[in-house]
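Student: The structure is given below, and queries will be raised subsequently.
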Amino acid sequence: MTEARFEYGFIKVGFTMSVSSIDAPACVDTLAVAHYQSSRRKRWVSMLLLLPLLAYTCVFFALPIGMMFYRAVSNPELLQAFPTAIRTMVDEPAKDSTALPTDRVFDALEQDFINAPSNAVIGEAARRLNYENSGYRFLVMNTARTYRTPLANPESQSARERLAAIDERWISPQVWEDFRRASPAYTPYYLLAALDLKQTDQGVAPVEESQRVYLDLTFKTLKIALIVSLLCLLLGFPFAALMVKASPALQVLLFLAVMLPFWTSLLARTTAWIVVLQDKGIVNTLLLRFGLIDHPLPMIFNLSGVYIVMVHILLPFSVLPLYNVMKNIPPHFMRASASLGAHPIRGFMQVYLPLTLTGIGSGTLLTFIVAAGYYVTPTLVGSAREQMLGYFIAFYTNTTVNWGMASALGLVLISCVMVIYLLAARLVGIRQIAGLR
Amino acid sequence: MNHFIQAYLARKAHVLFGLLMSIFMIAPLLAVVPISFSSGTFLSYPLPGLSLQWYERVFTSGPWMQALSNSLWVGIASTLLATLLGTLAALAFARRNLPAASGMLGLLISPMIFPPVISGLGMYFLFGKLGLTGTLFGLILAHTVLATPFVLISVAASLQGFDMTLLKAAAMSGASPVRAFAGIALPIIAPGVISGALFAFMTSFDEIVVVLFIGGPSQRTLPRQMFDGIRDTIDPSILAMSTLLLLVGIVGLMTTTWLTLRAQRNARQLKEQ
């Protein structure tokens with residue numbers, strides 16, 4: 001009965017569809033058309049199911065990251081504070097880059113100072129100009145302060161002379177060159193700075209040696225992430241292998257050893273390590289008691305602390321993908337290689353290891369990505385020397401409010417992560433990274 | 001004979017390695033538990049005496065309890081939202097007819113993979129524009145983003161062995177789509193949904209970086225409170241809270257393990273039938 005009703009409906013749908021649709025493939029078979037139509041409808045249902053999460057992720061994840069990209073190049077500070085001066089400069093360009101701007105630019109600048117919308121706007125412009133050359137903050141702030149009260153004898157001089165009287169630097173070509181460079185709505189300044197480069201009148205050049213910090217910071221971040229992920233692989237590989245073949249009781253212990261830290265609050269784990277590794281902590285107390293050391297070993301708030309805690313936190317990320325791969329390797333493969341006369345090491349290298357490569361790839365790349373973005377752990381268990389990109393991104397955002405620099409460093413970090421993510425997606429597949437078959 | 005001894009020693013060394021690693025992974029977590037019951041203020045052994053003063057301090061102090069309640073509210077709300085969004089999306093993937101499915105999956109799980117500082121910074125800009133920085137609602141929206149990949153993956157994994165033709169069979173037998181879903185798909189994906197929701201809750205409950213970027217002083221969550229405590233001076237009240245969080249972790253682990261074992265048993269029974 002139900003079958004009959006179903007078939008009737010099926011044919012009817014096929015019939016009406018084949019009449020109404022023009023874009024269906026040139027096919028007279030009603031059943032094929034019906035199948036085509038119904039699979040298209042089913043695809044729409046799938047897309048509707050996906051739509052809420054897709055829209056949510058786009059608005060609250062992709063859009064914010066897009067805004068970060070925008071912040072890395074946006075440069076609104078001077079335009080907001082000195083709109084007329086910058087417009088006049090564009091209208092009446094100086095003869096060459098070393099010449100002073102025209103008198104009308106000085107007039108416009110004076111008007112901008114007098115009509116400044118708020119101190120905050122001037123302050124931001126002063127901070128922005130200060131990135132070009134330290135000392136400009138005082139120049140701008142001092143000029144703004146002078147213009148807050150009406151000048152004595154305003155008729156006697158030109159705007160150029162009045163500005164020069166406040167600060168001689170206003171008639172220095174260097175200041176105007178820097179001003180011009182800092183004034184466009186978009187700037188490569190932050191991105192170049194994140195790579196230890198700067199714009200000069202001769203083009204792009206490296207910054208002075210004493211100020212080269214960001215490339216070193218990036219290399220340090222990648223180095224720490226690389227060492228942590230290799231340590232996790234070295235420790236995690238035999239660990240995962242043991243999880244597969246151990247006796248049931250040991251299996252429970254090993255499983256607990258991976259999963260309990262994984263489920264425990266990151267900050268609780270970090271606290272535990274600080275307490276255990278500090279000078280009067282358990283490890284140092286025991287070592288002193290047994291006479292192995294004379295005075296406490298510094299194990300925390302330095303590089304060793306960062307490595308120990310990061311490996312502890314990230315080990316599950318490399319063990320679990322390895323375990324998922326290893327548990328599906330039939331044990332008789334190794335037995336077969338042994339019975340064919342292969343030495344265990346040769347069997348391991350030629351049979352076992354190749355079968356675990358996807359697990360090694362996804363685990364190590366995932367660990368590397370997570371480690372490279374670390375912020376909280378190095379902040380809490382490292383010294384000033386172990387701080388990574390993440391720390392400076394947070395520092396520039398929350399402490400110095402230099403959003404451009406924070407975003408540019410964010411862009412550097414994201415590029416590193418994206419390269420690895422795409423590499424992992426290509427090598428092992430997205431479903432493998434997600435832990436799906 | 002020599003070969004057998006070598007193999008035996010290698011096996012024993014492997015087991016020893018596993019035991020040492022287990023100590024490395026678990027011992028530090030357990031080692032601080034007794035200190036939280038100390039009657040003194042020092043963070044080292046031997047303990048001067050036992051007391052519950054640090055637990056009393058945590059449970060009666062305003063900031064700690066406020067932080068706990070913030071964390072619970074944000075955690076519960078973002079878990080509900082993330083579970084809804086993630087489950088629907090997982091169903092879409094299980095139908096296996098999406099265009100560009102792996103690209104979509106790559107996009108949707110990227111909040112789990114991208115560094116939280118990046119997400120935090122971007123959200124700081126967006127939520128600043130929307131006036132959502134320094135609000136609990138903003139934190140809920142942000143944590144939902146970070147939690148959905150876990151739900152998506154967990155539910156998708158539980159749907160992997162699911163035979164979609166069962167739903168068709170239900171439809172052919174006259175069941176409405178909702179009834180077919182509730183009667184057939186839901187019991188099968190339920191363990192995946194619950195463990196996904198648990199993961200989502202733990203993600204939010206333990207999240208610190210985004211909170212540092214977009215949370216104000218009155219959105220202090222538990223991790224934020226602990227972060228400030230660790231940066232300042234660690235006293236045993238932080239260890240008392242750590243111990244409680246360890247308990248929360250144990251409960252979460254036991255629940256997901258139980259769910260996984262149950263799902264495996266169900267799958268075996270289905271196969272046997």
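Chain lettering (A, B, ...) mirrors the order of the structure tokens, residue numbering begins at 1 for each chain separately, and ligand numbering begins at 1 in order of display.
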Near chain A, which residues of chain B fall within 7 Å when you count only C-alpha atoms, and what do they look like as a compact mmCIF listing (two decimals) with N, CA, C and O atoms, in the first residue's frame?
Tutor:
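Resulting contents of iface.txt:
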```
# COMPACT_ATOMS: atom_id res chain seq x y z
N GLY B 18 56.26 4.40 28.97
CA GLY B 18 54.85 4.76 29.12
C GLY B 18 54.51 5.17 30.54
O GLY B 18 53.80 6.14 30.77
N SER B 22 53.31 8.77 31.85
CA SER B 22 52.06 8.92 32.60
C SER B 22 52.29 9.76 33.85
O SER B 22 51.46 10.60 34.21
N MET B 25 52.55 13.31 32.86
CA MET B 25 51.29 13.92 32.47
C MET B 25 50.34 14.14 33.65
O MET B 25 49.61 15.12 33.70
N ILE B 26 50.33 13.18 34.59
CA ILE B 26 49.30 13.23 35.64
C ILE B 26 49.82 13.80 36.96
O ILE B 26 49.13 14.58 37.62
N PRO B 28 51.89 16.14 38.13
CA PRO B 28 51.83 17.55 38.53
C PRO B 28 50.42 18.00 38.89
O PRO B 28 50.24 18.82 39.79
N LEU B 29 49.42 17.44 38.16
CA LEU B 29 48.04 17.84 38.43
C LEU B 29 47.63 17.41 39.83
O LEU B 29 46.95 18.15 40.55
N VAL B 32 49.50 19.16 43.38
CA VAL B 32 49.12 20.41 44.03
C VAL B 32 47.84 20.29 44.83
O VAL B 32 47.49 21.18 45.59
N LEU B 43 53.48 27.41 49.34
CA LEU B 43 53.10 26.48 48.28
C LEU B 43 54.06 25.30 48.23
O LEU B 43 54.38 24.81 47.17
N SER B 44 54.60 24.89 49.38
CA SER B 44 55.56 23.79 49.33
C SER B 44 55.27 22.79 50.45
O SER B 44 54.54 23.09 51.39
N LEU B 85 23.85 25.09 16.13
CA LEU B 85 24.47 25.40 14.83
C LEU B 85 25.32 24.23 14.34
O LEU B 85 25.25 23.84 13.17
N GLY B 86 26.11 23.66 15.25
CA GLY B 86 27.03 22.59 14.86
C GLY B 86 26.30 21.33 14.44
O GLY B 86 26.70 20.67 13.47
N LEU B 88 23.20 21.03 13.15
CA LEU B 88 22.59 21.23 11.83
C LEU B 88 23.64 21.08 10.73
O LEU B 88 23.42 20.41 9.72
N ALA B 89 24.80 21.71 10.95
CA ALA B 89 25.84 21.66 9.92
C ALA B 89 26.36 20.24 9.75
O ALA B 89 26.61 19.79 8.62
N ALA B 92 24.12 18.39 7.59
CA ALA B 92 24.32 18.78 6.19
C ALA B 92 25.49 18.02 5.59
O ALA B 92 25.41 17.51 4.47
N ARG B 95 24.83 14.30 4.74
CA ARG B 95 24.04 14.01 3.55
C ARG B 95 24.93 13.84 2.32
O ARG B 95 24.48 13.38 1.28
N ASN B 97 26.09 15.60 -0.05
CA ASN B 97 25.81 16.15 -1.37
C ASN B 97 26.10 17.64 -1.44
O ASN B 97 25.57 18.34 -2.29
N LEU B 98 26.95 18.14 -0.49
CA LEU B 98 27.27 19.56 -0.50
C LEU B 98 28.29 19.87 -1.58
O LEU B 98 29.23 19.09 -1.78
N SER B 102 34.79 19.81 1.29
CA SER B 102 35.97 19.86 2.15
C SER B 102 36.43 21.30 2.37
O SER B 102 36.96 21.62 3.43
N GLY B 106 36.81 22.94 5.96
CA GLY B 106 38.03 23.65 6.33
C GLY B 106 37.74 25.02 6.91
O GLY B 106 38.34 25.43 7.90
N LEU B 108 34.84 25.95 8.33
CA LEU B 108 34.04 25.88 9.55
C LEU B 108 34.84 25.38 10.76
O LEU B 108 34.49 25.70 11.89
N ILE B 113 41.39 25.99 14.83
CA ILE B 113 42.79 25.86 14.46
C ILE B 113 43.52 27.21 14.50
O ILE B 113 44.67 27.28 14.89
N PRO B 115 44.98 30.66 15.75
CA PRO B 115 45.39 31.07 17.09
C PRO B 115 44.32 31.95 17.72
O PRO B 115 43.81 32.86 17.06
N VAL B 117 44.66 34.32 19.72
CA VAL B 117 45.01 35.77 19.72
C VAL B 117 44.49 36.44 18.46
O VAL B 117 44.07 37.60 18.50
N ILE B 118 44.53 35.71 17.34
CA ILE B 118 44.05 36.29 16.08
C ILE B 118 42.54 36.49 16.16
O ILE B 118 42.04 37.58 15.87
N SER B 119 41.82 35.44 16.57
CA SER B 119 40.36 35.58 16.71
C SER B 119 40.04 36.70 17.69
O SER B 119 39.16 37.51 17.44
N GLY B 122 40.65 40.20 16.09
CA GLY B 122 39.62 40.53 15.11
C GLY B 122 38.29 40.83 15.78
O GLY B 122 37.63 41.82 15.45
N MET B 123 37.93 40.00 16.77
CA MET B 123 36.67 40.22 17.46
C MET B 123 36.69 41.52 18.25
O MET B 123 35.67 42.19 18.39
N PHE B 125 38.06 44.24 17.26
CA PHE B 125 37.70 45.30 16.30
C PHE B 125 36.21 45.26 15.98
O PHE B 125 35.53 46.29 16.04
N LEU B 126 35.68 44.06 15.64
CA LEU B 126 34.27 43.96 15.24
C LEU B 126 33.35 44.32 16.41
O LEU B 126 32.44 45.14 16.26
N VAL B 145 31.52 30.92 18.51
CA VAL B 145 32.36 30.72 17.32
C VAL B 145 33.43 29.67 17.60
O VAL B 145 33.64 28.75 16.81
N ILE B 153 32.45 18.48 14.63
CA ILE B 153 33.28 17.30 14.46
C ILE B 153 32.71 16.12 15.22
O ILE B 153 32.61 15.00 14.71
N ALA B 157 31.30 12.85 13.45
CA ALA B 157 31.93 11.55 13.70
C ALA B 157 30.88 10.51 14.06
O ALA B 157 30.94 9.36 13.62
N MET B 172 9.57 6.47 3.49
CA MET B 172 8.75 5.57 2.68
C MET B 172 7.67 4.91 3.52
O MET B 172 6.58 4.60 3.03
N SER B 173 7.97 4.70 4.81
CA SER B 173 6.97 4.08 5.68
C SER B 173 5.96 5.11 6.17
O SER B 173 5.13 4.81 7.00
N ASP B 206 36.96 27.24 29.72
CA ASP B 206 38.41 27.31 29.89
C ASP B 206 39.04 28.41 29.05
O ASP B 206 40.25 28.57 29.02
N PRO B 223 38.68 31.67 34.26
CA PRO B 223 40.07 31.67 33.77
C PRO B 223 40.72 33.04 33.90
O PRO B 223 41.90 33.15 34.24
N MET B 226 41.78 33.52 37.40
CA MET B 226 42.97 32.72 37.71
C MET B 226 44.20 33.33 37.07
O MET B 226 45.28 33.36 37.66
N PHE B 227 44.05 33.80 35.82
CA PHE B 227 45.18 34.42 35.10
C PHE B 227 45.75 35.57 35.91
O PHE B 227 46.97 35.65 36.12
N ILE B 230 47.52 34.24 38.99
CA ILE B 230 48.84 33.64 38.74
C ILE B 230 49.87 34.73 38.47
O ILE B 230 51.01 34.66 38.90
N ARG B 231 49.46 35.77 37.74
CA ARG B 231 50.41 36.84 37.41
C ARG B 231 50.80 37.61 38.66
O ARG B 231 51.91 38.09 38.78
N SER B 242 41.90 25.36 41.26
CA SER B 242 42.47 24.39 40.32
C SER B 242 41.96 22.99 40.62
O SER B 242 41.63 22.23 39.71
N LEU B 245 38.58 22.62 39.35
CA LEU B 245 38.57 22.50 37.89
C LEU B 245 39.06 21.12 37.46
O LEU B 245 38.60 20.59 36.44
N LEU B 246 40.00 20.55 38.24
CA LEU B 246 40.44 19.18 37.95
C LEU B 246 39.27 18.22 38.08
O LEU B 246 39.07 17.32 37.26
N GLY B 249 37.12 18.52 35.15
CA GLY B 249 37.74 17.80 34.03
C GLY B 249 37.50 16.30 34.14
O GLY B 249 37.19 15.63 33.14
N ILE B 250 37.64 15.76 35.36
CA ILE B 250 37.43 14.32 35.55
C ILE B 250 36.00 13.95 35.19
O ILE B 250 35.75 12.96 34.49
N GLY B 252 33.98 15.55 33.14
CA GLY B 252 33.84 15.66 31.68
C GLY B 252 34.42 14.46 30.99
O GLY B 252 33.81 13.87 30.08
N LEU B 253 35.64 14.06 31.43
CA LEU B 253 36.30 12.92 30.81
C LEU B 253 35.49 11.64 31.00
O LEU B 253 35.29 10.87 30.06
```
Student: List every residue of range 12-215 of chain B that DSSP, applied to the backbone, labels as helix (DSSP H, G or I), and write the result as number ranges by chain.
Tutor: B: 12-31, 34-37, 53-60, 62-94, 101-108, 110-113, 116-130, 136-159, 165-172, 177-205, 209-214
Student: Give me, as a PyMOL selection string, all polymer residues having an atom no more than 7 Å from range 62-70 of chain B, counting only C-alpha atoms and skipping those fewer than 6 positions away in the same chain.
Tutor: chain B and resi 219-222+225
Student: Would you save the residues of that selection, restricted to N, CA, C and O atoms, as a PDB file, in the first residue's frame?
Tutor:
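Contents of part22.pdb, freshly written:
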```pdb
ATOM      1  N   GLN B 219      33.107  41.451  33.224  1.00  0.00           N
ATOM      2  CA  GLN B 219      32.882  40.141  32.595  1.00  0.00           C
ATOM      3  C   GLN B 219      34.006  39.183  32.985  1.00  0.00           C
ATOM      4  O   GLN B 219      34.427  38.343  32.214  1.00  0.00           O
ATOM      5  N   ARG B 220      34.519  39.352  34.177  1.00  0.00           N
ATOM      6  CA  ARG B 220      35.596  38.509  34.660  1.00  0.00           C
ATOM      7  C   ARG B 220      35.114  37.064  34.705  1.00  0.00           C
ATOM      8  O   ARG B 220      34.198  36.743  35.427  1.00  0.00           O
ATOM      9  N   THR B 221      35.749  36.200  33.925  1.00  0.00           N
ATOM     10  CA  THR B 221      35.400  34.786  34.005  1.00  0.00           C
ATOM     11  C   THR B 221      36.402  34.080  34.903  1.00  0.00           C
ATOM     12  O   THR B 221      37.401  34.672  35.316  1.00  0.00           O
ATOM     13  N   LEU B 222      36.140  32.815  35.188  1.00  0.00           N
ATOM     14  CA  LEU B 222      37.022  32.052  36.065  1.00  0.00           C
ATOM     15  C   LEU B 222      38.474  32.008  35.546  1.00  0.00           C
ATOM     16  O   LEU B 222      39.402  32.290  36.313  1.00  0.00           O
ATOM     17  N   GLN B 225      40.086  35.325  36.150  1.00  0.00           N
ATOM     18  CA  GLN B 225      40.383  35.510  37.568  1.00  0.00           C
ATOM     19  C   GLN B 225      41.654  34.743  37.940  1.00  0.00           C
ATOM     20  O   GLN B 225      42.513  35.241  38.661  1.00  0.00           O
TER      21      GLN B 225
END
```
Student: I want to know what sits within 9 Å of range 171-174 of chain A, based on only C-alpha atoms, with residues of the same chain fewer than 4 positions away left out; could you give that as a PDB file with N, CA and C atoms, in the first residue's frame?
Tutor:
```
ATOM      1  N   SER A  97      60.505  66.266  -3.417  1.00  0.00           N
ATOM      2  CA  SER A  97      60.242  65.694  -2.096  1.00  0.00           C
ATOM      3  C   SER A  97      61.024  66.404  -0.994  1.00  0.00           C
ATOM      4  N   THR A  98      62.079  67.147  -1.335  1.00  0.00           N
ATOM      5  CA  THR A  98      62.851  67.821  -0.286  1.00  0.00           C
ATOM      6  C   THR A  98      62.371  69.251  -0.053  1.00  0.00           C
ATOM      7  N   ALA A  99      61.431  69.728  -0.903  1.00  0.00           N
ATOM      8  CA  ALA A  99      60.989  71.116  -0.757  1.00  0.00           C
ATOM      9  C   ALA A  99      59.899  71.224   0.303  1.00  0.00           C
ATOM     10  N   LEU A 100      59.774  72.427   0.874  1.00  0.00           N
ATOM     11  CA  LEU A 100      58.701  72.675   1.828  1.00  0.00           C
ATOM     12  C   LEU A 100      57.393  72.835   1.070  1.00  0.00           C
ATOM     13  N   PRO A 101      56.261  72.538   1.720  1.00  0.00           N
ATOM     14  CA  PRO A 101      54.977  72.739   1.037  1.00  0.00           C
ATOM     15  C   PRO A 101      54.678  74.229   0.864  1.00  0.00           C
ATOM     16  N   ARG A 160      53.136  80.272   8.093  1.00  0.00           N
ATOM     17  CA  ARG A 160      54.412  79.564   8.092  1.00  0.00           C
ATOM     18  C   ARG A 160      55.322  80.080   9.198  1.00  0.00           C
ATOM     19  N   GLU A 161      55.398  81.428   9.330  1.00  0.00           N
ATOM     20  CA  GLU A 161      56.284  82.008  10.347  1.00  0.00           C
ATOM     21  C   GLU A 161      55.753  81.748  11.747  1.00  0.00           C
ATOM     22  N   LEU A 163      53.986  79.124  12.719  1.00  0.00           N
ATOM     23  CA  LEU A 163      54.288  77.726  13.055  1.00  0.00           C
ATOM     24  C   LEU A 163      55.766  77.555  13.360  1.00  0.00           C
ATOM     25  N   ALA A 164      56.610  78.233  12.579  1.00  0.00           N
ATOM     26  CA  ALA A 164      58.053  78.123  12.808  1.00  0.00           C
ATOM     27  C   ALA A 164      58.431  78.726  14.149  1.00  0.00           C
ATOM     28  N   ASP A 167      57.600  76.024  16.760  1.00  0.00           N
ATOM     29  CA  ASP A 167      58.623  74.970  16.707  1.00  0.00           C
ATOM     30  C   ASP A 167      59.309  75.047  15.358  1.00  0.00           C
ATOM     31  N   ASP A 178      58.155  63.223   6.304  1.00  0.00           N
ATOM     32  CA  ASP A 178      57.539  62.220   7.170  1.00  0.00           C
ATOM     33  C   ASP A 178      56.036  62.435   7.258  1.00  0.00           C
ATOM     34  N   PHE A 179      55.628  63.698   7.312  1.00  0.00           N
ATOM     35  CA  PHE A 179      54.215  64.040   7.389  1.00  0.00           C
ATOM     36  C   PHE A 179      53.488  63.502   6.151  1.00  0.00           C
TER      37      PHE A 179
END
```
Student: My list of candidates is A:Val309, A:Ala384, A:Thr377, A:Tyr189. Which is closest to Ile208 in chain B when distances are computed with only C-alpha atoms?
Tutor: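 Nearest to Ile208 in chain B: A:Thr377.
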Student: Env of range 199-211 of chain A: 9 Å cut, atoms = only C-alpha atoms, seq-sep filter 3 positions within chain, self excluded. Answer as a ChimeraX atom specification.
Tutor: /A:97,177-178,181,188-189,192-193,195-196,214
Student: Would you list the contacts of range 351-359 of chain A as a count of residues only, taking every protein, DNA or RNA residue within 6 Å and counting only C-alpha atoms, but skipping same-chain residues closer than 6 positions in sequence?
Tutor: 4
Student: Taking 5 positions as the minimum chain separation for residues in the same chain, which residues sit within 12 Å of Ala142 in chain B when counting only C-alpha atoms? Answer as an NGL selection string.
Tutor: (:A and (56-57 or 59-61 or 64)) or (:B and (74-75 or 77-79 or 81-82 or 111 or 116 or 119-124 or 126-127 or 132-137 or 147-148 or 203-204 or 207-211 or 213-215))
Student: Between A:Val244, A:Leu286, A:Arg335, A:Gly382, which has the minimum distance to Leu320 in chain A (counting only C-alpha atoms)?
Tutor: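 Once distances to Leu320 in chain A are computed over only C-alpha atoms, the minimum belongs to A:Val244.
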